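Structure file model_32.cif; described as mmCIF, C-alpha atoms.
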data_protein
loop_
_atom_site.group_PDB
_atom_site.id
_atom_site.type_symbol
_atom_site.label_atom_id
_atom_site.label_comp_id
_atom_site.auth_asym_id
_atom_site.auth_seq_id
_atom_site.Cartn_x
_atom_site.Cartn_y
_atom_site.Cartn_z
ATOM 1 C CA MET O 18 77.556 92.179 88.363
ATOM 2 C CA VAL O 19 79.373 89.166 86.942
ATOM 3 C CA HIS O 20 78.687 88.204 83.390
ATOM 4 C CA TRP O 21 79.056 84.632 82.188
ATOM 5 C CA THR O 22 78.669 83.731 78.537
ATOM 6 C CA ALA O 23 76.783 80.571 77.679
ATOM 7 C CA GLU O 24 80.079 79.057 76.560
ATOM 8 C CA GLU O 25 81.751 79.820 79.892
ATOM 9 C CA LYS O 26 78.885 78.272 81.852
ATOM 10 C CA GLN O 27 79.087 75.194 79.659
ATOM 11 C CA LEU O 28 82.848 74.907 80.148
ATOM 12 C CA ILE O 29 82.395 75.093 83.907
ATOM 13 C CA THR O 30 79.524 72.645 84.256
ATOM 14 C CA SER O 31 80.886 70.094 81.794
ATOM 15 C CA ILE O 32 84.234 69.923 83.582
ATOM 16 C CA TRP O 33 82.604 69.914 87.035
ATOM 17 C CA ALA O 34 80.346 67.010 86.085
ATOM 18 C CA LYS O 35 83.442 64.857 85.667
ATOM 19 C CA VAL O 36 85.275 65.970 88.805
ATOM 20 C CA ASN O 37 85.585 63.510 91.673
ATOM 21 C CA VAL O 38 85.088 66.081 94.409
ATOM 22 C CA GLU O 39 86.616 63.964 97.167
ATOM 23 C CA GLU O 40 89.797 63.047 95.246
ATOM 24 C CA CYS O 41 90.253 66.416 93.613
ATOM 25 C CA GLY O 42 89.593 68.329 96.830
ATOM 26 C CA ALA O 43 92.006 66.159 98.794
ATOM 27 C CA GLU O 44 94.701 66.543 96.160
ATOM 28 C CA ALA O 45 94.257 70.301 95.844
ATOM 29 C CA LEU O 46 94.486 70.902 99.583
ATOM 30 C CA ALA O 47 97.453 68.529 99.956
ATOM 31 C CA ARG O 48 99.297 70.294 97.144
ATOM 32 C CA LEU O 49 98.570 73.675 98.728
ATOM 33 C CA LEU O 50 100.197 72.484 101.959
ATOM 34 C CA ILE O 51 103.142 70.934 100.083
ATOM 35 C CA VAL O 52 103.836 73.637 97.489
ATOM 36 C CA TYR O 53 103.234 76.551 99.881
ATOM 37 C CA PRO O 54 104.207 75.075 103.250
ATOM 38 C CA TRP O 55 103.470 78.262 105.163
ATOM 39 C CA THR O 56 99.775 77.530 104.554
ATOM 40 C CA GLN O 57 100.140 74.730 107.113
ATOM 41 C CA ARG O 58 99.840 77.454 109.743
ATOM 42 C CA PHE O 59 96.072 77.070 109.634
ATOM 43 C CA PHE O 60 96.154 73.355 110.221
ATOM 44 C CA SER O 61 98.270 72.781 113.330
ATOM 45 C CA SER O 62 95.525 70.540 114.723
ATOM 46 C CA PHE O 63 95.617 68.226 111.721
ATOM 47 C CA GLY O 64 98.379 65.970 113.019
ATOM 48 C CA ASN O 65 101.258 64.787 110.876
ATOM 49 C CA LEU O 66 102.118 67.275 108.108
ATOM 50 C CA SER O 67 105.847 66.604 108.288
ATOM 51 C CA SER O 68 106.386 65.448 104.690
ATOM 52 C CA PRO O 69 104.599 65.337 101.334
ATOM 53 C CA THR O 70 103.827 61.651 101.958
ATOM 54 C CA ALA O 71 102.413 62.420 105.397
ATOM 55 C CA ILE O 72 100.302 65.250 104.005
ATOM 56 C CA LEU O 73 98.967 63.196 101.086
ATOM 57 C CA GLY O 74 98.012 60.356 103.433
ATOM 58 C CA ASN O 75 96.612 62.523 106.222
ATOM 59 C CA PRO O 76 92.899 61.680 106.607
ATOM 60 C CA ARG O 77 92.062 65.109 108.030
ATOM 61 C CA VAL O 78 93.630 66.780 105.016
ATOM 62 C CA ARG O 79 91.587 64.549 102.721
ATOM 63 C CA ALA O 80 88.370 65.228 104.609
ATOM 64 C CA HIS O 81 88.931 68.949 104.702
ATOM 65 C CA GLY O 82 89.873 69.048 101.031
ATOM 66 C CA LYS O 83 86.611 67.335 100.207
ATOM 67 C CA LYS O 84 84.715 69.850 102.349
ATOM 68 C CA VAL O 85 86.379 72.816 100.640
ATOM 69 C CA LEU O 86 85.724 71.549 97.129
ATOM 70 C CA THR O 87 82.147 70.569 97.962
ATOM 71 C CA SER O 88 81.595 74.162 98.969
ATOM 72 C CA PHE O 89 83.122 75.228 95.649
ATOM 73 C CA GLY O 90 80.306 73.272 94.031
ATOM 74 C CA GLU O 91 77.864 75.713 95.604
ATOM 75 C CA ALA O 92 79.463 78.545 93.656
ATOM 76 C CA ILE O 93 79.019 76.545 90.482
ATOM 77 C CA LYS O 94 75.326 76.036 91.261
ATOM 78 C CA ASN O 95 74.994 79.792 91.810
ATOM 79 C CA LEU O 96 77.265 81.292 89.182
ATOM 80 C CA ASP O 97 75.167 84.440 88.968
ATOM 81 C CA ASN O 98 75.336 85.091 92.680
ATOM 82 C CA ILE O 99 78.616 83.871 94.066
ATOM 83 C CA LYS O 100 78.972 86.766 96.515
ATOM 84 C CA ALA O 101 75.693 85.973 98.263
ATOM 85 C CA THR O 102 76.446 82.260 98.244
ATOM 86 C CA TYR O 103 79.707 82.850 100.130
ATOM 87 C CA ALA O 104 78.609 85.687 102.456
ATOM 88 C CA LYS O 105 78.567 83.563 105.600
ATOM 89 C CA LEU O 106 81.757 81.697 104.665
ATOM 90 C CA SER O 107 83.454 85.036 104.101
ATOM 91 C CA GLU O 108 82.548 86.191 107.592
ATOM 92 C CA LEU O 109 83.757 82.883 108.985
ATOM 93 C CA HIS O 110 87.127 83.092 107.227
ATOM 94 C CA CYS O 111 87.629 86.621 108.515
ATOM 95 C CA ASP O 112 86.227 86.544 112.041
ATOM 96 C CA LYS O 113 86.889 82.996 113.159
ATOM 97 C CA LEU O 114 89.533 81.483 110.892
ATOM 98 C CA HIS O 115 91.615 84.649 110.295
ATOM 99 C CA VAL O 116 92.763 83.512 106.864
ATOM 100 C CA ASP O 117 94.798 85.912 104.721
ATOM 101 C CA PRO O 118 92.849 86.189 101.432
ATOM 102 C CA GLU O 119 96.045 85.546 99.490
ATOM 103 C CA ASN O 120 95.530 81.914 100.453
ATOM 104 C CA PHE O 121 92.300 81.756 98.419
ATOM 105 C CA ARG O 122 94.285 82.835 95.369
ATOM 106 C CA LEU O 123 96.949 80.222 96.015
ATOM 107 C CA LEU O 124 94.386 77.428 96.410
ATOM 108 C CA GLY O 125 92.565 78.562 93.265
ATOM 109 C CA ASN O 126 95.776 78.310 91.232
ATOM 110 C CA ILE O 127 96.547 74.879 92.679
ATOM 111 C CA LEU O 128 93.032 73.698 91.749
ATOM 112 C CA ILE O 129 93.637 74.802 88.156
ATOM 113 C CA ILE O 130 96.813 72.705 88.016
ATOM 114 C CA VAL O 131 95.048 69.655 89.482
ATOM 115 C CA LEU O 132 92.294 70.032 86.860
ATOM 116 C CA SER O 133 94.927 70.440 84.127
ATOM 117 C CA ALA O 134 96.639 67.196 85.086
ATOM 118 C CA HIS O 135 93.307 65.388 85.169
ATOM 119 C CA PHE O 136 91.681 66.744 82.024
ATOM 120 C CA ALA O 137 94.834 67.213 79.903
ATOM 121 C CA LYS O 138 94.032 68.387 76.378
ATOM 122 C CA ASP O 139 90.342 68.876 77.285
ATOM 123 C CA PHE O 140 91.529 71.680 79.534
ATOM 124 C CA THR O 141 91.882 74.038 76.592
ATOM 125 C CA PRO O 142 93.172 77.604 76.932
ATOM 126 C CA THR O 143 89.578 78.894 76.936
ATOM 127 C CA CYS O 144 88.680 76.345 79.575
ATOM 128 C CA GLN O 145 91.634 77.416 81.706
ATOM 129 C CA ALA O 146 90.686 81.082 81.298
ATOM 130 C CA THR O 147 87.093 80.365 82.350
ATOM 131 C CA TRP O 148 88.148 78.412 85.412
ATOM 132 C CA GLN O 149 90.727 81.043 86.411
ATOM 133 C CA LYS O 150 87.903 83.575 86.203
ATOM 134 C CA LEU O 151 85.772 81.338 88.425
ATOM 135 C CA VAL O 152 88.452 80.760 91.076
ATOM 136 C CA GLY O 153 89.158 84.484 91.040
ATOM 137 C CA LEU O 154 85.491 85.253 91.676
ATOM 138 C CA VAL O 155 85.283 82.674 94.455
ATOM 139 C CA ALA O 156 88.361 84.216 96.080
ATOM 140 C CA HIS O 157 86.842 87.682 95.687
ATOM 141 C CA ALA O 158 83.558 86.531 97.248
ATOM 142 C CA LEU O 159 85.411 85.024 100.199
ATOM 143 C CA VAL O 160 87.135 88.350 100.890
ATOM 144 C CA TYR O 161 83.989 90.382 100.358
ATOM 145 C CA LYS O 162 82.859 90.419 103.981
ATOM 146 C CA TYR O 163 86.321 90.997 105.418
ATOM 147 C CA HIS O 164 86.609 94.005 107.678
ATOM 148 C CA MET X 25 113.471 81.355 98.639
ATOM 149 C CA VAL X 26 116.336 78.888 98.346
ATOM 150 C CA LEU X 27 116.415 75.891 96.044
ATOM 151 C CA SER X 28 117.400 72.789 98.015
ATOM 152 C CA ALA X 29 119.473 69.987 96.526
ATOM 153 C CA GLY X 30 116.220 68.037 96.220
ATOM 154 C CA ASP X 31 114.559 70.916 94.364
ATOM 155 C CA LYS X 32 117.455 71.148 91.926
ATOM 156 C CA THR X 33 117.304 67.424 91.208
ATOM 157 C CA ASN X 34 113.526 67.593 90.725
ATOM 158 C CA VAL X 35 113.835 70.497 88.287
ATOM 159 C CA LYS X 36 116.610 68.915 86.240
ATOM 160 C CA THR X 37 114.753 65.599 86.097
ATOM 161 C CA ALA X 38 111.518 67.320 85.068
ATOM 162 C CA PHE X 39 113.228 69.238 82.273
ATOM 163 C CA GLY X 40 114.935 66.037 81.198
ATOM 164 C CA LYS X 41 111.550 64.378 80.791
ATOM 165 C CA ILE X 42 110.102 67.402 79.002
ATOM 166 C CA GLY X 43 113.101 67.187 76.664
ATOM 167 C CA GLY X 44 112.691 68.665 73.212
ATOM 168 C CA HIS X 45 109.077 69.636 73.872
ATOM 169 C CA ALA X 46 110.169 72.617 75.957
ATOM 170 C CA GLU X 47 110.095 74.956 72.949
ATOM 171 C CA GLU X 48 106.545 73.987 72.074
ATOM 172 C CA TYR X 49 105.489 74.307 75.699
ATOM 173 C CA GLY X 50 106.878 77.830 75.836
ATOM 174 C CA GLY X 51 104.546 78.850 73.027
ATOM 175 C CA GLU X 52 101.597 77.086 74.606
ATOM 176 C CA ALA X 53 102.246 78.731 77.975
ATOM 177 C CA LEU X 54 102.350 82.146 76.324
ATOM 178 C CA GLU X 55 99.109 81.499 74.452
ATOM 179 C CA ARG X 56 97.400 80.385 77.641
ATOM 180 C CA MET X 57 98.717 83.446 79.457
ATOM 181 C CA PHE X 58 97.323 85.809 76.784
ATOM 182 C CA VAL X 59 93.912 84.096 76.896
ATOM 183 C CA THR X 60 93.702 83.755 80.679
ATOM 184 C CA TYR X 61 95.271 87.097 81.627
ATOM 185 C CA PRO X 62 94.455 89.484 78.783
ATOM 186 C CA GLN X 63 96.329 92.323 80.463
ATOM 187 C CA THR X 64 99.574 90.522 79.562
ATOM 188 C CA LYS X 65 98.875 91.255 75.909
ATOM 189 C CA THR X 66 99.747 94.880 76.576
ATOM 190 C CA TYR X 67 103.416 93.941 76.343
ATOM 191 C CA PHE X 68 102.959 92.628 72.796
ATOM 192 C CA PRO X 69 101.085 95.273 70.779
ATOM 193 C CA HIS X 70 103.441 94.538 67.901
ATOM 194 C CA PHE X 71 102.615 90.811 67.792
ATOM 195 C CA ASP X 72 99.954 88.805 66.065
ATOM 196 C CA LEU X 73 98.469 87.080 69.125
ATOM 197 C CA SER X 74 95.900 84.948 67.335
ATOM 198 C CA HIS X 75 95.849 81.191 67.894
ATOM 199 C CA GLY X 76 98.752 79.509 66.119
ATOM 200 C CA SER X 77 100.670 82.733 65.652
ATOM 201 C CA ALA X 78 104.187 82.154 64.365
ATOM 202 C CA GLN X 79 105.413 85.108 66.414
ATOM 203 C CA VAL X 80 104.038 83.614 69.636
ATOM 204 C CA LYS X 81 105.601 80.238 68.812
ATOM 205 C CA ALA X 82 108.961 81.868 68.110
ATOM 206 C CA HIS X 83 108.784 83.872 71.293
ATOM 207 C CA GLY X 84 107.751 80.791 73.229
ATOM 208 C CA LYS X 85 110.905 79.040 72.009
ATOM 209 C CA LYS X 86 113.030 81.900 73.376
ATOM 210 C CA VAL X 87 111.264 81.818 76.744
ATOM 211 C CA ALA X 88 111.635 78.032 76.973
ATOM 212 C CA ALA X 89 115.297 78.206 75.993
ATOM 213 C CA ALA X 90 115.906 80.606 78.862
ATOM 214 C CA LEU X 91 114.144 78.272 81.310
ATOM 215 C CA VAL X 92 116.214 75.321 80.059
ATOM 216 C CA GLU X 93 119.379 77.411 80.394
ATOM 217 C CA ALA X 94 118.410 78.317 83.956
ATOM 218 C CA ALA X 95 117.702 74.655 84.766
ATOM 219 C CA ASN X 96 121.074 73.654 83.311
ATOM 220 C CA HIS X 97 122.832 76.241 85.449
ATOM 221 C CA ILE X 98 120.601 75.906 88.442
ATOM 222 C CA ASP X 99 123.418 76.535 90.907
ATOM 223 C CA ASP X 100 123.812 80.069 89.582
ATOM 224 C CA ILE X 101 120.681 81.212 87.775
ATOM 225 C CA ALA X 102 121.644 84.865 88.278
ATOM 226 C CA THR X 103 124.822 84.468 86.221
ATOM 227 C CA ALA X 104 123.144 82.276 83.596
ATOM 228 C CA LEU X 105 120.366 84.833 83.020
ATOM 229 C CA SER X 106 122.388 87.987 83.686
ATOM 230 C CA LYS X 107 121.974 89.381 80.170
ATOM 231 C CA LEU X 108 118.251 88.665 80.203
ATOM 232 C CA SER X 109 118.029 90.321 83.585
ATOM 233 C CA ASP X 110 119.655 93.466 82.127
ATOM 234 C CA LEU X 111 117.277 93.358 79.168
ATOM 235 C CA HIS X 112 114.190 93.139 81.364
ATOM 236 C CA ALA X 113 115.407 95.943 83.639
ATOM 237 C CA GLN X 114 116.535 98.384 80.997
ATOM 238 C CA LYS X 115 114.358 97.738 78.010
ATOM 239 C CA LEU X 116 111.396 95.417 78.573
ATOM 240 C CA ARG X 117 110.413 96.449 82.119
ATOM 241 C CA VAL X 118 107.683 93.830 82.397
ATOM 242 C CA ASP X 119 105.911 94.364 85.702
ATOM 243 C CA PRO X 120 107.074 91.693 88.173
ATOM 244 C CA VAL X 121 103.541 90.397 88.770
ATOM 245 C CA ASN X 122 103.467 88.974 85.238
ATOM 246 C CA PHE X 123 106.223 86.431 85.827
ATOM 247 C CA LYS X 124 103.931 84.639 88.272
ATOM 248 C CA LEU X 125 101.176 84.572 85.645
ATOM 249 C CA LEU X 126 103.458 83.007 83.042
ATOM 250 C CA GLY X 127 104.802 80.623 85.685
ATOM 251 C CA GLN X 128 101.264 79.448 86.462
ATOM 252 C CA CYS X 129 100.591 78.842 82.765
ATOM 253 C CA PHE X 130 103.850 76.944 82.351
ATOM 254 C CA LEU X 131 102.907 74.650 85.239
ATOM 255 C CA VAL X 132 99.480 74.114 83.621
ATOM 256 C CA VAL X 133 101.168 73.076 80.358
ATOM 257 C CA VAL X 134 103.483 70.636 82.156
ATOM 258 C CA ALA X 135 100.477 69.235 84.060
ATOM 259 C CA ILE X 136 98.581 68.721 80.810
ATOM 260 C CA HIS X 137 101.382 67.002 78.903
ATOM 261 C CA HIS X 138 103.205 65.227 81.737
ATOM 262 C CA PRO X 139 100.783 64.721 84.638
ATOM 263 C CA SER X 140 102.907 61.887 86.038
ATOM 264 C CA VAL X 141 105.983 64.131 86.134
ATOM 265 C CA LEU X 142 104.189 66.757 88.189
ATOM 266 C CA THR X 143 104.050 64.981 91.536
ATOM 267 C CA PRO X 144 103.381 67.305 94.478
ATOM 268 C CA GLU X 145 107.107 67.388 95.290
ATOM 269 C CA VAL X 146 108.107 68.228 91.723
ATOM 270 C CA HIS X 147 105.259 70.753 91.531
ATOM 271 C CA ALA X 148 106.700 72.475 94.603
ATOM 272 C CA SER X 149 110.248 72.455 93.184
ATOM 273 C CA LEU X 150 109.182 73.748 89.761
ATOM 274 C CA ASP X 151 107.082 76.475 91.369
ATOM 275 C CA LYS X 152 110.097 77.549 93.436
ATOM 276 C CA PHE X 153 112.335 77.405 90.356
ATOM 277 C CA LEU X 154 109.967 79.570 88.301
ATOM 278 C CA CYS X 155 109.784 82.060 91.196
ATOM 279 C CA ALA X 156 113.583 82.118 91.330
ATOM 280 C CA VAL X 157 113.775 82.832 87.597
ATOM 281 C CA GLY X 158 111.260 85.666 87.971
ATOM 282 C CA THR X 159 113.260 87.075 90.863
ATOM 283 C CA VAL X 160 116.468 87.043 88.811
ATOM 284 C CA LEU X 161 114.796 88.698 85.827
ATOM 285 C CA THR X 162 113.446 91.528 87.993
ATOM 286 C CA ALA X 163 116.467 91.813 90.298
ATOM 287 C CA LYS X 164 117.946 94.869 88.597
ATOM 288 C CA TYR X 165 114.664 96.798 88.243
ATOM 289 C CA ARG X 166 115.598 99.227 91.017
#
Produce structure tokens that represent the structure in this file.
Amino acid sequence: MVHWTAEEKQLITSIWAKVNVEECGAEALARLLIVYPWTQRFFSSFGNLSSPTAILGNPRVRAHGKKVLTSFGEAIKNLDNIKATYAKLSELHCDKLHVDPENFRLLGNILIIVLSAHFAKDFTPTCQATWQKLVGLVAHALVYKYH
Amino acid sequence: MVLSAGDKTNVKTAFGKIGGHAEEYGGEALERMFVTYPQTKTYFPHFDLSHGSAQVKAHGKKVAAALVEAANHIDDIATALSKLSDLHAQKLRVDPVNFKLLGQCFLVVVAIHHPSVLTPEVHASLDKFLCAVGTVLTAKYR
């Protein structure tokens, strides 16, 4: 059973309220594909991923990044029940998408860096710790139904 | 993992822009690591780890100096950090997983203070560089 302090919940919701989900999602996914190029293996149907510029400008990457981060918002709405929130997505990532769970960890870390660049000094150490806890729990929930 | 010519240029340029702040960033990265990954504190039972600790700042300077040294000798990080590699293998024996945690925190600090420096390409190069440093420091573990 996950425990969130009132402070942690506040740090999450106050940051999230200021996040542009489309921009942030697009940037996070693009950086994942650029920084860890082997992650492109899941996106062979996305067209041109041949360079950082191509990836950053790729409309399918942008759209998918937005989709992924929008789904992240569901976790934030259900902080006390992230596992249940992601049960179906977990099955999907295992049975249909065949995604190695390590990739959830990588994307979570990239998201933290994108948030750091955006929020700068407001992304205090406690804020970072809270968000790393959140991305860790999201990653854990996504693996939960793996078999 | 091999650092390309482009990676090396990106790393040197990034450290050039960070300049004299590197020492301060070392301390901040350590503080963030202790807060975000409390298990890393187990390596510092002898330190005051409270916010603003002089010991953490001093240690951060050492860590940053090593990163700067590695960046300045990026064609042969193994030779540049050979003594540190011996130290980590024989005395400190920090579990290899922790270098990734500190690396993540260092990238966060760079992102916070120099968001325009951390383009996706530079982000990739710095991430590779930090991995390479971790690899060198753990190379003699067994």
Discussion item. I need the chain X residues near chain O as a PyMOL selection string; criterion: at most 10 Å, counting all atoms listed in the file.
Written reply: chain X and resi 52-53+55-62+125+128-152
File of the preceding selection, C-alpha atoms, as an mmCIF file, in the frame of the given file:
data_model
loop_
_atom_site.group_PDB
_atom_site.id
_atom_site.type_symbol
_atom_site.label_atom_id
_atom_site.label_comp_id
_atom_site.auth_asym_id
_atom_site.auth_seq_id
_atom_site.Cartn_x
_atom_site.Cartn_y
_atom_site.Cartn_z
ATOM 1 C CA GLU X 52 101.597 77.086 74.606
ATOM 2 C CA ALA X 53 102.246 78.731 77.975
ATOM 3 C CA GLU X 55 99.109 81.499 74.452
ATOM 4 C CA ARG X 56 97.400 80.385 77.641
ATOM 5 C CA MET X 57 98.717 83.446 79.457
ATOM 6 C CA PHE X 58 97.323 85.809 76.784
ATOM 7 C CA VAL X 59 93.912 84.096 76.896
ATOM 8 C CA THR X 60 93.702 83.755 80.679
ATOM 9 C CA TYR X 61 95.271 87.097 81.627
ATOM 10 C CA PRO X 62 94.455 89.484 78.783
ATOM 11 C CA LEU X 125 101.176 84.572 85.645
ATOM 12 C CA GLN X 128 101.264 79.448 86.462
ATOM 13 C CA CYS X 129 100.591 78.842 82.765
ATOM 14 C CA PHE X 130 103.850 76.944 82.351
ATOM 15 C CA LEU X 131 102.907 74.650 85.239
ATOM 16 C CA VAL X 132 99.480 74.114 83.621
ATOM 17 C CA VAL X 133 101.168 73.076 80.358
ATOM 18 C CA VAL X 134 103.483 70.636 82.156
ATOM 19 C CA ALA X 135 100.477 69.235 84.060
ATOM 20 C CA ILE X 136 98.581 68.721 80.810
ATOM 21 C CA HIS X 137 101.382 67.002 78.903
ATOM 22 C CA HIS X 138 103.205 65.227 81.737
ATOM 23 C CA PRO X 139 100.783 64.721 84.638
ATOM 24 C CA SER X 140 102.907 61.887 86.038
ATOM 25 C CA VAL X 141 105.983 64.131 86.134
ATOM 26 C CA LEU X 142 104.189 66.757 88.189
ATOM 27 C CA THR X 143 104.050 64.981 91.536
ATOM 28 C CA PRO X 144 103.381 67.305 94.478
ATOM 29 C CA GLU X 145 107.107 67.388 95.290
ATOM 30 C CA VAL X 146 108.107 68.228 91.723
ATOM 31 C CA HIS X 147 105.259 70.753 91.531
ATOM 32 C CA ALA X 148 106.700 72.475 94.603
ATOM 33 C CA SER X 149 110.248 72.455 93.184
ATOM 34 C CA LEU X 150 109.182 73.748 89.761
ATOM 35 C CA ASP X 151 107.082 76.475 91.369
ATOM 36 C CA LYS X 152 110.097 77.549 93.436
#
Fill in: Picked residues, the PyMOL selection byres ((chain O and resi 89-93) around 9), expected as a list in words
Lys26, Ile29, Thr30, Trp33, Val38, Lys84, Val85, Leu86, Thr87, Ser88, Lys94, Asn95, Leu96, Asp97, Asn98, Ile99, Lys100, Thr102, Tyr103, Leu151, Val152 and Val155 of chain O
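When atom CA of Lys162 of chain O is paired with atom CA of Ala104 of chain O, their separation reads 6.5 Å.
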Worksheet item: Applied to the shown file, which residues does the PyMOL selection byres ((chain X and resi 70-87) around 6) return, written as a PyMOL selection string?
Response: chain X and resi 47+50-51+68-69+88-90
Fill in: Å distance separating atom CA of Gln63 of chain X from atom CA of Ala46 of chain X, one decimal place
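About the pair atom CA of Gln63 of chain X and atom CA of Ala46 of chain X: they are 24.5 Å apart.
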Practice prompt. Could you expand the PyMOL selection byres ((chain X and resi 117) around 12) into the explicit residues it covers here, written as a list in words?
Written response: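 So the PyMOL selection byres ((chain X and resi 117) around 12) ends up selecting Tyr67, Leu108, Ser109, Asp110, Leu111, His112, Ala113, Gln114, Lys115, Leu116, Val118, Asp119, Pro120, Val121, Asn122, Phe123, Leu161, Thr162, Ala163, Lys164, Tyr165 and Arg166 of chain X.
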Selection file, C-alpha atoms, as an mmCIF file, in the coordinates of the input:
data_model
loop_
_atom_site.group_PDB
_atom_site.id
_atom_site.type_symbol
_atom_site.label_atom_id
_atom_site.label_comp_id
_atom_site.auth_asym_id
_atom_site.auth_seq_id
_atom_site.Cartn_x
_atom_site.Cartn_y
_atom_site.Cartn_z
ATOM 1 C CA TYR X 67 103.416 93.941 76.343
ATOM 2 C CA LEU X 108 118.251 88.665 80.203
ATOM 3 C CA SER X 109 118.029 90.321 83.585
ATOM 4 C CA ASP X 110 119.655 93.466 82.127
ATOM 5 C CA LEU X 111 117.277 93.358 79.168
ATOM 6 C CA HIS X 112 114.190 93.139 81.364
ATOM 7 C CA ALA X 113 115.407 95.943 83.639
ATOM 8 C CA GLN X 114 116.535 98.384 80.997
ATOM 9 C CA LYS X 115 114.358 97.738 78.010
ATOM 10 C CA LEU X 116 111.396 95.417 78.573
ATOM 11 C CA VAL X 118 107.683 93.830 82.397
ATOM 12 C CA ASP X 119 105.911 94.364 85.702
ATOM 13 C CA PRO X 120 107.074 91.693 88.173
ATOM 14 C CA VAL X 121 103.541 90.397 88.770
ATOM 15 C CA ASN X 122 103.467 88.974 85.238
ATOM 16 C CA PHE X 123 106.223 86.431 85.827
ATOM 17 C CA LEU X 161 114.796 88.698 85.827
ATOM 18 C CA THR X 162 113.446 91.528 87.993
ATOM 19 C CA ALA X 163 116.467 91.813 90.298
ATOM 20 C CA LYS X 164 117.946 94.869 88.597
ATOM 21 C CA TYR X 165 114.664 96.798 88.243
ATOM 22 C CA ARG X 166 115.598 99.227 91.017
#
Worksheet item: If we count only C-alpha atoms, what is near segment 74-83 of chain O at a cut-off of 9 Å, once residues fewer than 6 positions away on the same chain are taken out, given as a PyMOL selection string?
Response: chain O and resi 38-47+60+63-66
Worksheet, complete the sentence: Correct to one decimal, the distance atom CA of Ala29 of chain X-atom CA of His97 of chain X is 13.2 Å
Discussion item. Just want the 12 Å neighbourhood of Thr33 of chain X, counted on only C-alpha atoms, with same-chain residues fewer than 2 positions away dropped. Output as a list in words.
Written reply: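 The neighbour list is Leu27, Ser28, Ala29, Gly30, Asp31, Val35, Lys36, Thr37, Ala38, Phe39, Gly40, Ala95, Asn96, His97, Ile98, Asp99, Glu145, Val146, Ser149, Leu150 and Phe153 of chain X.
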Around segment 107-119 of chain X, with edges along x, y and z and 3 Å added on all six sides, what centre and edge lengths do you get, in Å to one decimal, as AutoDock Vina command-line options?
--center_x 113.9 --center_y 93.5 --center_z 81.9 --size_x 22.1 --size_y 15.7 --size_z 13.7
Give me segment 123-133 of chain X with N, CA, C and O atoms filled in, as a compact mmCIF listing (two decimals), keeping the file's coordinate frame.
# COMPACT_ATOMS: atom_id res chain seq x y z
N PHE X 123 105.43 87.66 85.84
CA PHE X 123 106.22 86.43 85.83
C PHE X 123 105.49 85.31 86.54
O PHE X 123 105.59 84.14 86.16
N LYS X 124 104.71 85.67 87.57
CA LYS X 124 103.93 84.64 88.27
C LYS X 124 102.83 84.10 87.36
O LYS X 124 102.50 82.92 87.40
N LEU X 125 102.26 84.99 86.53
CA LEU X 125 101.18 84.57 85.64
C LEU X 125 101.70 83.60 84.60
O LEU X 125 101.08 82.56 84.32
N LEU X 126 102.87 83.92 84.03
CA LEU X 126 103.46 83.01 83.04
C LEU X 126 103.87 81.71 83.72
O LEU X 126 103.69 80.62 83.16
N GLY X 127 104.40 81.81 84.93
CA GLY X 127 104.80 80.62 85.68
C GLY X 127 103.62 79.68 85.89
O GLY X 127 103.74 78.46 85.70
N GLN X 128 102.48 80.25 86.27
CA GLN X 128 101.26 79.45 86.46
C GLN X 128 100.90 78.73 85.16
O GLN X 128 100.61 77.53 85.16
N CYS X 129 100.96 79.44 84.05
CA CYS X 129 100.59 78.84 82.76
C CYS X 129 101.60 77.76 82.36
O CYS X 129 101.20 76.75 81.78
N PHE X 130 102.85 77.96 82.67
CA PHE X 130 103.85 76.94 82.35
C PHE X 130 103.59 75.66 83.14
O PHE X 130 103.66 74.55 82.61
N LEU X 131 103.24 75.82 84.41
CA LEU X 131 102.91 74.65 85.24
C LEU X 131 101.67 73.94 84.68
O LEU X 131 101.61 72.70 84.67
N VAL X 132 100.69 74.71 84.22
CA VAL X 132 99.48 74.11 83.62
C VAL X 132 99.87 73.27 82.41
O VAL X 132 99.40 72.14 82.24
N VAL X 133 100.75 73.80 81.57
CA VAL X 133 101.17 73.08 80.36
C VAL X 133 101.90 71.78 80.73
O VAL X 133 101.65 70.72 80.14
